[in-house]
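J.: Contents are TSV, C-alpha atoms and all ligand atoms; file name protein.tsv:
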```
chain	number	residue	atom	x	y	z
J	68	MET	CA	119.28	31.35	-125.50
J	69	ASN	CA	120.12	33.65	-122.59
J	70	VAL	CA	118.31	33.23	-119.28
J	71	PRO	CA	115.93	36.22	-118.84
J	72	ALA	CA	117.24	39.10	-116.70
J	73	ASN	CA	114.65	38.69	-113.92
J	74	GLU	CA	115.39	34.96	-113.64
J	75	THR	CA	119.09	35.72	-113.47
J	76	GLN	CA	118.50	38.35	-110.78
J	77	PHE	CA	116.58	35.77	-108.78
J	78	LEU	CA	119.33	33.15	-109.17
J	79	SER	CA	121.93	35.72	-108.03
J	80	MET	CA	119.85	36.54	-104.98
J	81	LEU	CA	119.38	32.85	-104.22
J	82	LEU	CA	123.13	32.20	-104.39
J	83	LYS	CA	123.74	35.03	-101.91
J	84	ILE	CA	120.99	33.82	-99.56
J	85	MET	CA	122.55	30.33	-99.67
J	86	ASN	CA	126.07	31.67	-99.21
J	87	ALA	CA	126.92	29.36	-102.13
J	88	LYS	CA	130.60	28.99	-102.85
J	89	LYS	CA	130.77	26.09	-105.26
J	90	THR	CA	128.28	25.84	-108.13
J	91	MET	CA	127.84	24.14	-111.48
J	92	GLU	CA	126.12	25.26	-114.67
J	93	ILE	CA	125.02	22.84	-117.36
J	94	GLY	CA	124.45	24.78	-120.55
J	95	PHE	CA	126.67	27.71	-121.40
J	96	THR	CA	124.90	30.98	-122.02
J	97	GLY	CA	127.53	33.32	-120.66
J	98	TYR	CA	124.85	35.55	-119.20
J	99	SER	CA	123.87	33.32	-116.30
J	100	LEU	CA	127.51	32.28	-115.96
J	101	LEU	CA	128.57	35.89	-115.45
J	102	ALA	CA	125.65	36.58	-113.10
J	103	THR	CA	126.60	33.54	-111.02
J	104	ALA	CA	130.25	34.51	-110.88
J	105	LEU	CA	129.24	38.02	-109.76
J	106	ALA	CA	127.10	36.53	-106.99
J	107	LEU	CA	129.77	34.22	-105.61
J	108	PRO	CA	132.25	35.40	-102.97
J	109	ASP	CA	135.80	36.16	-104.01
J	110	ASP	CA	136.97	32.65	-103.16
J	111	GLY	CA	133.91	31.03	-104.83
J	112	ARG	CA	134.34	28.65	-107.73
J	113	LYS	CA	132.09	27.99	-110.70
J	114	TYR	CA	132.50	24.56	-112.30
J	115	ASN	CA	132.05	24.02	-116.02
J	116	ILE	CA	131.11	20.61	-117.40
J	117	GLY	CA	134.12	18.34	-117.53
J	118	GLU	CA	135.80	20.08	-114.66
J	119	LEU	CA	133.89	18.39	-111.88
J	120	SER	CA	135.70	16.71	-109.09
J	121	GLN	CA	133.32	17.25	-106.17
J	122	VAL	CA	129.56	17.38	-105.69
J	123	PRO	CA	128.32	20.96	-106.27
J	124	GLU	CA	125.76	22.71	-104.08
J	125	ILE	CA	123.52	23.87	-106.89
J	126	ILE	CA	122.99	22.88	-110.52
J	127	PHE	CA	121.18	24.96	-113.17
J	128	PRO	CA	119.89	22.71	-115.95
J	129	MET	CA	118.95	24.63	-119.10
J	130	ALA	CA	115.33	24.08	-120.14
J	131	ASP	CA	114.13	23.47	-123.68
J	132	LEU	CA	114.16	26.95	-125.19
J	133	SER	CA	112.12	26.08	-128.28
J	134	LEU	CA	109.02	27.64	-126.68
J	135	ASN	CA	109.36	31.35	-126.11
J	136	HIS	CA	106.98	31.37	-123.15
J	137	LYS	CA	109.31	32.53	-120.47
J	138	TYR	CA	108.15	36.12	-120.29
J	139	LEU	CA	104.44	35.37	-120.04
J	140	ILE	CA	102.41	35.16	-116.86
J	141	VAL	CA	101.55	31.51	-116.70
J	142	HIS	CA	97.89	30.79	-117.39
J	143	GLY	CA	95.41	28.25	-118.78
J	144	PRO	CA	96.73	24.81	-119.67
J	145	VAL	CA	100.30	25.71	-118.68
J	146	LEU	CA	99.21	26.68	-115.19
J	147	GLU	CA	97.10	23.53	-115.00
J	148	TYR	CA	100.12	21.52	-116.00
J	149	ILE	CA	102.27	23.10	-113.26
J	150	LEU	CA	99.61	22.51	-110.64
J	151	GLU	CA	98.50	19.00	-111.65
J	152	LYS	CA	101.90	17.58	-112.51
J	153	ASN	CA	104.11	19.36	-110.00
J	154	ALA	CA	102.41	21.28	-107.20
J	155	TYR	CA	99.33	19.25	-106.15
J	156	PRO	CA	101.15	15.91	-105.85
J	157	ARG	CA	103.47	17.47	-103.22
J	158	GLU	CA	100.90	19.61	-101.40
J	159	HIS	CA	100.73	18.96	-97.65
J	160	GLN	CA	97.42	17.28	-96.70
J	161	GLN	CA	96.36	20.10	-94.34
J	162	LEU	CA	97.17	22.74	-96.95
J	163	LYS	CA	94.98	20.84	-99.40
J	164	GLU	CA	92.13	20.66	-96.89
J	165	LEU	CA	92.53	24.36	-96.02
J	166	ARG	CA	92.46	25.24	-99.72
J	167	GLU	CA	89.32	23.18	-100.29
J	168	VAL	CA	87.47	24.67	-97.30
J	169	THR	CA	88.48	28.18	-98.41
J	170	ALA	CA	87.02	27.54	-101.87
J	171	GLU	CA	83.83	26.12	-100.33
J	172	LYS	CA	83.28	28.85	-97.73
J	173	CYS	CA	84.71	31.92	-99.44
J	174	GLY	CA	83.69	31.32	-103.05
J	175	LYS	CA	85.26	33.88	-105.40
J	176	ARG	CA	87.26	35.45	-102.55
J	177	SER	CA	89.29	32.25	-102.35
J	178	VAL	CA	91.34	33.65	-105.24
J	179	MET	CA	93.04	35.78	-102.54
J	180	SER	CA	95.01	32.75	-101.30
J	181	VAL	CA	98.45	32.36	-102.82
J	182	PRO	CA	98.55	29.62	-105.48
J	183	VAL	CA	99.96	26.24	-104.49
J	184	ASP	CA	103.12	26.58	-106.61
J	185	GLU	CA	103.88	30.00	-105.10
J	186	ALA	CA	103.41	28.67	-101.57
J	187	GLN	CA	105.80	25.83	-102.35
J	188	PHE	CA	108.33	28.31	-103.69
J	189	LEU	CA	108.03	30.44	-100.53
J	190	SER	CA	108.43	27.34	-98.32
J	191	MET	CA	111.59	26.35	-100.11
J	192	LEU	CA	112.97	29.88	-99.87
J	193	LEU	CA	112.31	29.97	-96.11
J	194	ARG	CA	114.10	26.64	-95.66
J	195	ILE	CA	117.08	27.73	-97.78
J	196	MET	CA	117.31	30.89	-95.67
J	197	ASN	CA	117.03	28.93	-92.42
J	198	ALA	CA	114.40	31.51	-91.50
J	199	LYS	CA	113.27	31.39	-87.88
J	200	LYS	CA	111.45	34.64	-87.36
J	201	THR	CA	109.01	35.82	-90.00
J	202	MET	CA	106.01	38.07	-90.44
J	203	GLU	CA	102.96	37.88	-92.65
J	204	ILE	CA	100.85	40.94	-93.43
J	205	GLY	CA	97.54	39.70	-94.85
J	206	VAL	CA	96.58	36.23	-93.67
J	207	PHE	CA	93.02	35.64	-94.98
J	208	THR	CA	92.28	31.92	-94.29
J	209	GLY	CA	95.94	31.13	-93.81
J	210	TYR	CA	97.17	29.22	-96.86
J	211	SER	CA	100.51	31.04	-97.08
J	212	LEU	CA	100.62	31.20	-93.27
J	213	LEU	CA	100.33	27.42	-92.90
J	214	ALA	CA	102.91	26.92	-95.67
J	215	THR	CA	105.24	29.28	-93.75
J	216	ALA	CA	104.66	27.63	-90.38
J	217	LEU	CA	105.36	24.20	-91.90
J	218	ALA	CA	108.65	25.51	-93.34
J	219	LEU	CA	109.92	27.01	-90.06
J	220	PRO	CA	111.85	24.98	-87.49
J	221	ASP	CA	110.02	23.90	-84.34
J	222	ASP	CA	111.17	27.00	-82.44
J	223	GLY	CA	110.39	29.31	-85.36
J	224	GLN	CA	107.81	32.10	-85.02
J	225	VAL	CA	105.58	33.85	-87.53
J	226	THR	CA	103.82	37.05	-86.54
J	227	ALA	CA	100.63	36.97	-88.61
J	228	ILE	CA	98.55	40.12	-88.90
J	229	ASP	CA	95.07	40.54	-90.36
J	230	LEU	CA	92.01	42.62	-89.59
J	231	ASP	CA	89.82	39.64	-90.40
J	232	LYS	CA	89.85	37.09	-87.57
J	233	GLU	CA	86.89	35.17	-88.96
J	234	ALA	CA	88.80	34.27	-92.13
J	235	TYR	CA	91.81	33.19	-90.02
J	236	GLU	CA	89.54	30.98	-87.92
J	237	THR	CA	88.33	29.23	-91.08
J	238	GLY	CA	91.85	27.92	-91.61
J	239	LEU	CA	92.82	27.50	-87.96
J	240	PRO	CA	91.63	23.87	-87.55
J	241	PHE	CA	93.98	22.82	-90.36
J	242	ILE	CA	96.87	24.76	-88.83
J	243	GLN	CA	96.22	22.96	-85.55
J	244	LYS	CA	95.84	19.58	-87.23
J	245	ALA	CA	99.20	20.15	-88.95
J	246	GLY	CA	100.74	20.63	-85.46
J	247	VAL	CA	102.23	24.06	-86.16
J	248	GLY	CA	99.87	26.35	-84.20
J	249	HIS	CA	102.59	27.02	-81.61
J	250	LYS	CA	104.72	28.75	-84.25
J	251	ILE	CA	102.03	31.34	-85.03
J	252	ASN	CA	101.31	34.58	-83.22
J	253	PHE	CA	98.11	35.84	-84.87
J	254	ILE	CA	97.31	39.50	-84.24
J	255	GLN	CA	93.93	40.83	-85.26
J	256	SER	CA	94.74	44.41	-86.11
J	257	ASP	CA	95.49	46.94	-88.75
J	258	ALA	CA	99.06	45.99	-89.72
J	259	PHE	CA	100.31	49.58	-89.57
J	260	SER	CA	99.81	49.89	-85.82
J	261	VAL	CA	101.52	46.53	-85.18
J	262	LEU	CA	104.47	47.53	-87.36
J	263	ASP	CA	104.78	50.89	-85.59
J	264	ASP	CA	104.76	49.17	-82.19
J	265	LEU	CA	107.45	46.74	-83.33
J	266	ILE	CA	109.58	49.55	-84.80
J	267	ASN	CA	109.45	51.34	-81.47
J	268	SER	CA	110.38	48.21	-79.55
J	269	GLU	CA	113.53	46.13	-79.35
J	270	GLU	CA	112.14	43.89	-82.15
J	271	ASN	CA	113.62	46.38	-84.62
J	272	SER	CA	115.53	44.82	-87.55
J	273	SER	CA	115.21	41.25	-86.46
J	274	PHE	CA	112.90	39.51	-88.93
J	275	ASP	CA	114.40	37.06	-91.40
J	276	PHE	CA	111.45	37.25	-93.78
J	277	ILE	CA	108.36	39.46	-94.20
J	278	PHE	CA	105.55	38.51	-96.59
J	279	VAL	CA	103.29	41.39	-97.62
J	280	ASP	CA	99.96	40.37	-99.16
J	281	ALA	CA	97.47	43.10	-98.21
J	282	GLU	CA	95.98	46.16	-99.98
J	283	LYS	CA	98.16	47.14	-102.94
J	284	GLU	CA	97.70	50.88	-102.26
J	285	ASP	CA	99.55	50.36	-98.96
J	286	TYR	CA	102.61	48.57	-100.34
J	287	MET	CA	104.80	51.69	-100.54
J	288	LYS	CA	104.05	52.57	-96.90
J	289	PHE	CA	104.57	48.95	-95.82
J	290	HIS	CA	107.93	48.93	-97.56
J	291	GLU	CA	109.39	51.75	-95.45
J	292	LYS	CA	108.21	50.09	-92.25
J	293	ALA	CA	109.22	46.57	-93.27
J	294	MET	CA	112.72	47.88	-94.10
J	295	LYS	CA	113.08	48.83	-90.44
J	296	LEU	CA	112.03	45.37	-89.28
J	297	VAL	CA	113.81	42.99	-91.63
J	298	ARG	CA	117.43	42.16	-90.82
J	299	ILE	CA	120.24	42.98	-93.26
J	300	GLY	CA	120.32	40.06	-95.71
J	301	GLY	CA	116.69	39.22	-94.91
J	302	ILE	CA	113.88	39.17	-97.47
J	303	ILE	CA	110.68	41.17	-97.88
J	304	ALA	CA	108.35	39.50	-100.40
J	305	TYR	CA	105.46	41.39	-102.00
J	306	ASP	CA	102.63	39.46	-103.62
J	307	ASN	CA	100.57	40.40	-106.71
J	308	THR	CA	103.13	42.77	-108.22
J	309	LEU	CA	102.06	41.91	-111.78
J	310	TRP	CA	98.44	42.54	-110.81
J	311	LEU	CA	96.95	40.13	-113.36
J	312	GLY	CA	99.36	41.52	-115.92
J	313	SER	CA	97.62	44.93	-115.90
J	314	VAL	CA	100.91	46.67	-115.04
J	315	ALA	CA	102.03	46.11	-118.62
J	316	TYR	CA	99.01	47.75	-120.27
J	317	GLY	CA	97.88	51.32	-120.86
J	318	GLN	CA	94.34	52.39	-120.06
J	319	ASP	CA	93.37	52.45	-123.74
J	320	ASP	CA	94.64	48.99	-124.37
J	321	GLU	CA	91.96	46.50	-125.36
J	322	LYS	CA	93.27	43.86	-123.00
J	323	TYR	CA	93.38	46.31	-120.12
J	324	SER	CA	89.85	47.67	-120.62
J	325	GLY	CA	88.42	44.16	-120.22
J	326	MET	CA	89.84	43.86	-116.70
J	327	PRO	CA	87.57	44.07	-113.67
J	328	GLU	CA	87.09	47.41	-111.92
J	329	SER	CA	88.93	46.18	-108.80
J	330	ILE	CA	92.07	45.56	-110.88
J	331	TRP	CA	91.77	48.89	-112.66
J	332	LYS	CA	91.49	50.74	-109.32
J	333	SER	CA	94.76	49.45	-107.89
J	334	LYS	CA	96.85	49.15	-111.02
J	335	ASP	CA	98.57	52.54	-110.69
J	336	PHE	CA	99.56	51.80	-107.09
J	337	VAL	CA	101.22	48.56	-108.16
J	338	VAL	CA	103.02	50.30	-111.04
J	339	GLN	CA	104.27	53.05	-108.70
J	340	PHE	CA	105.36	50.49	-106.15
J	341	ASN	CA	107.29	48.51	-108.77
J	342	GLU	CA	109.06	51.71	-109.85
J	343	LEU	CA	109.92	52.59	-106.26
J	344	ILE	CA	111.47	49.19	-105.62
J	345	VAL	CA	113.65	49.29	-108.72
J	346	SER	CA	115.10	52.63	-107.65
J	347	ASP	CA	115.59	51.62	-104.01
J	348	HIS	CA	119.29	50.92	-103.65
J	349	ARG	CA	118.88	49.66	-100.12
J	350	VAL	CA	117.63	46.37	-101.59
J	351	GLU	CA	118.57	43.82	-104.20
J	352	THR	CA	115.36	42.90	-106.00
J	353	CYS	CA	113.74	40.63	-108.56
J	354	LEU	CA	110.20	40.34	-109.89
J	355	LEU	CA	109.15	36.75	-110.48
J	356	SER	CA	106.26	35.69	-112.69
J	357	VAL	CA	105.08	33.09	-110.19
J	358	GLY	CA	101.40	33.37	-109.22
J	359	ASP	CA	100.26	36.94	-109.82
J	360	GLY	CA	103.81	38.28	-109.62
J	361	LEU	CA	106.10	38.10	-106.61
J	362	THR	CA	108.73	40.74	-105.85
J	363	LEU	CA	111.59	39.73	-103.60
J	364	CYS	CA	113.68	42.42	-101.89
J	365	ARG	CA	116.87	41.47	-100.06
J	366	ARG	CA	117.93	44.19	-97.64
J	367	LEU	CA	121.52	45.22	-98.35
J	368	TYR	CA	122.17	47.68	-95.52
Y	1	LIG	C1	95.15	38.62	-100.39
Y	1	LIG	S1	94.54	38.35	-98.78
Y	1	LIG	C2	95.86	37.43	-98.03
Y	1	LIG	C3	95.99	36.03	-98.55
Y	1	LIG	C4	96.91	35.15	-97.77
Y	1	LIG	N1	98.28	35.61	-97.79
Y	1	LIG	C5	96.82	33.73	-98.30
Y	1	LIG	O1	97.70	33.25	-99.02
Y	1	LIG	O2	95.81	33.07	-98.02
Y	1	LIG	C6	94.65	39.95	-98.08
Y	1	LIG	C7	94.32	40.04	-96.60
Y	1	LIG	O3	94.89	41.25	-96.12
Y	1	LIG	C8	94.07	41.75	-95.09
Y	1	LIG	N2	94.41	43.18	-94.93
Y	1	LIG	C9	94.28	44.16	-95.84
Y	1	LIG	N3	94.75	45.33	-95.37
Y	1	LIG	C10	95.19	45.09	-94.10
Y	1	LIG	C11	95.78	45.89	-93.10
Y	1	LIG	N4	96.04	47.19	-93.28
Y	1	LIG	N5	96.09	45.30	-91.92
Y	1	LIG	C12	95.86	43.98	-91.72
Y	1	LIG	N6	95.31	43.18	-92.64
Y	1	LIG	C13	94.98	43.71	-93.83
Y	1	LIG	C14	92.66	41.46	-95.54
Y	1	LIG	O4	91.79	41.40	-94.44
Y	1	LIG	C15	92.84	40.10	-96.27
Y	1	LIG	O5	92.48	39.02	-95.44
```
Kindly return the structure encoded in the file as C-alpha cells.

T.:
Amino acid sequence: MNVPANETQFLSMLLKIMNAKKTMEIGFTGYSLLATALALPDDGRKYNIGELSQVPEIIFPMADLSLNHKYLIVHGPVLEYILEKNAYPREHQQLKELREVTAEKCGKRSVMSVPVDEAQFLSMLLRIMNAKKTMEIGVFTGYSLLATALALPDDGQVTAIDLDKEAYETGLPFIQKAGVGHKINFIQSDAFSVLDDLINSEENSSFDFIFVDAEKEDYMKFHEKAMKLVRIGGIIAYDNTLWLGSVAYGQDDEKYSGMPESIWKSKDFVVQFNELIVSDHRVETCLLSVGDGLTLCRRLY
C-alpha cells in the first residue's frame, strides 16, 4: 500500500519547491505521511481527514492499488490511455502543430521530442516554481522549448542551446504563432562553450531551472557546469535517465540484447550518471518514470 520511494522523494521535493506549509493526505500509508512531515517546515501542519478546518494547499488522493504497475515504465495501451485521455485534450494548439510537423519532417528522429505528458509535467513544475530564468540544453525542433516558454511569465527568459539551427527553425513558426518568441534566446552552439562563458560571467548561479536533453555521454560533464549556473533551490532536470529501461538490464539479458545499437552504446553512460547523482549530496534528487525517465535535482547548497 505504501507510495513508492521515488514517488515519495518527488512529492517531498515538490513540497519544498512550493514552500508548502499546510497539506492534507487522504489515505493513510504512514510512509508518505512521514515523508510529507519531513518536507514541511518546523511550523508546517499536516491535516488528517476529519481534522480539516481550512482549505489545504495540496491534496494527495491515493490511487487504486489493485494493479501493481507503479514501477513499470509506462508503455503500450497504458501510455495511449495517458496521452489520449489526459495529455492530448489539454495540449496547446501550437504544441500540437509543432509535434505534427516534427513527425512529418523528421520521421523517426521525432522520437527525440519529449512526450506530451512529460512536457505538461515540466510546464506545471515551472509554474509551481515561479521560474523566470531557465535554460534548455538540446532543443531539436522545440517541443519542450515551446512548452517552457508558454509556462514562463511574460518577462521570463529561456536560453536555448543547440548545434542544430535547422531543426529549431522547423519549430520556430509555431513558437512565433504562440506569441512567446520574445522569451527565447536561441544560441546555435556547442552547449559546453556557452556554459563556460556563462560560468565566467556574472550570470553565475542565477538560473531557476535547467533542462538537459542532449547526448547522454555528456550528462556527467553537464552536471558539474549546470551546478554552477542553477541557483540554490533551483532545479536541473535530466531527460532519458531510464534509457528505454536498458539501465535495469545486464548485457546478457534477453530483453537487453534486443535493444537497438544506439541504446546499447549509451547505456553505461546513463547508468554511471544515475549513480553519480545518487551520491551527490549537493542535490536532493528523484528519478521519475515519466517519458523515458526524468531525473530532477534540486540544488541544496
Ligand atoms: C533529444 S534532442 C532534444 C529534444 C528537445 N528537448 C525536445 O523536446 O524536442 C537532443 C538535441 O541535443 C542537441 N545536442 C546534442 N549535443 C549537444 C551539444 N553538446 N550542444 C548543443 N546541442 C547538442 C542535438 O543537436 C539535438 O537536437

J.: Could you tell me how far atom CA of J:Asn86 lies from atom CA of J:Ala102, in Å and to one decimal?

T.: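 One can read the atom CA of J:Asn86 to atom CA of J:Ala102 distance as 14.7 Å.
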
J.: Using only C-alpha atoms and all ligand atoms, which protein or nucleic acid residues are at most 7 Å from ligand LIG 1 (chain Y), as a list of chain:residue names?

T.: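 My answer, listing the contacting residues, is J:Met179, J:Ser180, J:Val181, J:Ile204, J:Gly205, J:Val206, J:Phe207, J:Thr208, J:Gly209, J:Tyr210, J:Ser211, J:Leu212, J:Ile228, J:Asp229, J:Leu230, J:Asp231, J:Ala234, J:Ser256, J:Asp257, J:Ala258, J:Phe259, J:Asp280, J:Ala281, J:Glu282.
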
J.: Write out the residues from the selection above, keeping C-alpha atoms, as an mmCIF file, keeping the file's coordinate frame.

T.:
```
data_model
loop_
_atom_site.group_PDB
_atom_site.id
_atom_site.type_symbol
_atom_site.label_atom_id
_atom_site.label_comp_id
_atom_site.auth_asym_id
_atom_site.auth_seq_id
_atom_site.Cartn_x
_atom_site.Cartn_y
_atom_site.Cartn_z
ATOM 1 C CA MET J 179 93.040 35.780 -102.540
ATOM 2 C CA SER J 180 95.010 32.750 -101.300
ATOM 3 C CA VAL J 181 98.450 32.360 -102.820
ATOM 4 C CA ILE J 204 100.850 40.940 -93.430
ATOM 5 C CA GLY J 205 97.540 39.700 -94.850
ATOM 6 C CA VAL J 206 96.580 36.230 -93.670
ATOM 7 C CA PHE J 207 93.020 35.640 -94.980
ATOM 8 C CA THR J 208 92.280 31.920 -94.290
ATOM 9 C CA GLY J 209 95.940 31.130 -93.810
ATOM 10 C CA TYR J 210 97.170 29.220 -96.860
ATOM 11 C CA SER J 211 100.510 31.040 -97.080
ATOM 12 C CA LEU J 212 100.620 31.200 -93.270
ATOM 13 C CA ILE J 228 98.550 40.120 -88.900
ATOM 14 C CA ASP J 229 95.070 40.540 -90.360
ATOM 15 C CA LEU J 230 92.010 42.620 -89.590
ATOM 16 C CA ASP J 231 89.820 39.640 -90.400
ATOM 17 C CA ALA J 234 88.800 34.270 -92.130
ATOM 18 C CA SER J 256 94.740 44.410 -86.110
ATOM 19 C CA ASP J 257 95.490 46.940 -88.750
ATOM 20 C CA ALA J 258 99.060 45.990 -89.720
ATOM 21 C CA PHE J 259 100.310 49.580 -89.570
ATOM 22 C CA ASP J 280 99.960 40.370 -99.160
ATOM 23 C CA ALA J 281 97.470 43.100 -98.210
ATOM 24 C CA GLU J 282 95.980 46.160 -99.980
#
```

J.: Smallest atom-to-atom distance to J:Ala106: which of J:Gln255, J:Glu351, J:Thr201, J:Pro182, using only C-alpha atoms?

T.: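 For J:Ala106, the nearest of the candidates is J:Glu351.
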
J.: Please list as an MDAnalysis selection string every residue within 12 Å of J:Leu217, counting all atoms listed in the file and excluding residues in the same chain fewer than 5 positions away.

T.: chainID J and resid 158:162 186:187 189:191 193:194 198:199 209:212 222:225 241:251

J.: Go through J:Asn341, J:Ser273, J:Ser79, J:Ser333 one by one, measure the shortest atom-to-atom distance of each to J:Gly301 using all atoms listed in the file, and give the residue with the smallest value.

T.: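 Closest to J:Gly301, using all atoms listed in the file: J:Ser273.
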
J.: Between atom CA of J:Glu284 and atom CA of J:Thr237, what is the distance in Å, rounded to a tenth?

T.: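 Interatomic distance, atom CA of J:Glu284 to atom CA of J:Thr237: 26.1 Å.
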
J.: Could you tell me how far atom CA of J:Met202 sits from atom CA of J:Ala293, in Å to one decimal place?

T.: 9.5 Å

J.: Which of these residues is nearest to J:Lys83, using all atoms listed in the file: J:Met196, J:Leu219, J:Val337, J:Ile303?

T.: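 Smallest separation from J:Lys83 among the options: J:Met196.
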
J.: Pick from J:Ser268, J:Gln339, J:Ser177, J:Asn153: nearest to J:Asp285, with all atoms listed in the file counted?

T.: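 Of J:Ser268, J:Gln339, J:Ser177, J:Asn153, the one nearest J:Asp285, counting all atoms listed in the file, is J:Gln339.
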
J.: When you look at J:Leu343 with a cut-off of 12 Å (counting all atoms listed in the file), what residues show up, excluding the ones that are within fewer than 6 positions of it in the same chain? I need them as JSON, numbers by chain.

T.: {"J": [286, 287, 288, 290, 291, 336, 337, 349, 350, 352, 362, 364]}

J.: Within 6 Å of J:Glu203, counting all atoms listed in the file, which residues show up once you throw out same-chain ones fewer than 5 positions away? Write them as a CSV table (one decimal) with C-alpha atoms, in the frame of the given file, please.

T.:
```csv
chain,number,residue,atom,x,y,z
J,227,ALA,CA,100.6,37.0,-88.6
J,277,ILE,CA,108.4,39.5,-94.2
J,278,PHE,CA,105.6,38.5,-96.6
```

J.: Excluding J:Val338 and residues on its chain fewer than 4 positions from it, collect all residues at most 10 Å away from it, counting only C-alpha atoms, and give them as a PyMOL selection string.

T.: chain J and resi 283+308-310+313-315+333-334+342-343

J.: With only C-alpha atoms as the atoms that count, which of J:Asp306, J:Asp347, J:Glu269, J:Glu167 lies nearest to J:Leu367?

T.: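 Among the listed residues, J:Asp347 lies closest to J:Leu367.
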
J.: Out of J:Leu165, J:Val261, J:Ala214, J:Leu146, which residue has the shortest atom-to-atom distance to J:Ser356 when counting only C-alpha atoms?

T.: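 Of J:Leu165, J:Val261, J:Ala214, J:Leu146, the one nearest J:Ser356, counting only C-alpha atoms, is J:Leu146.
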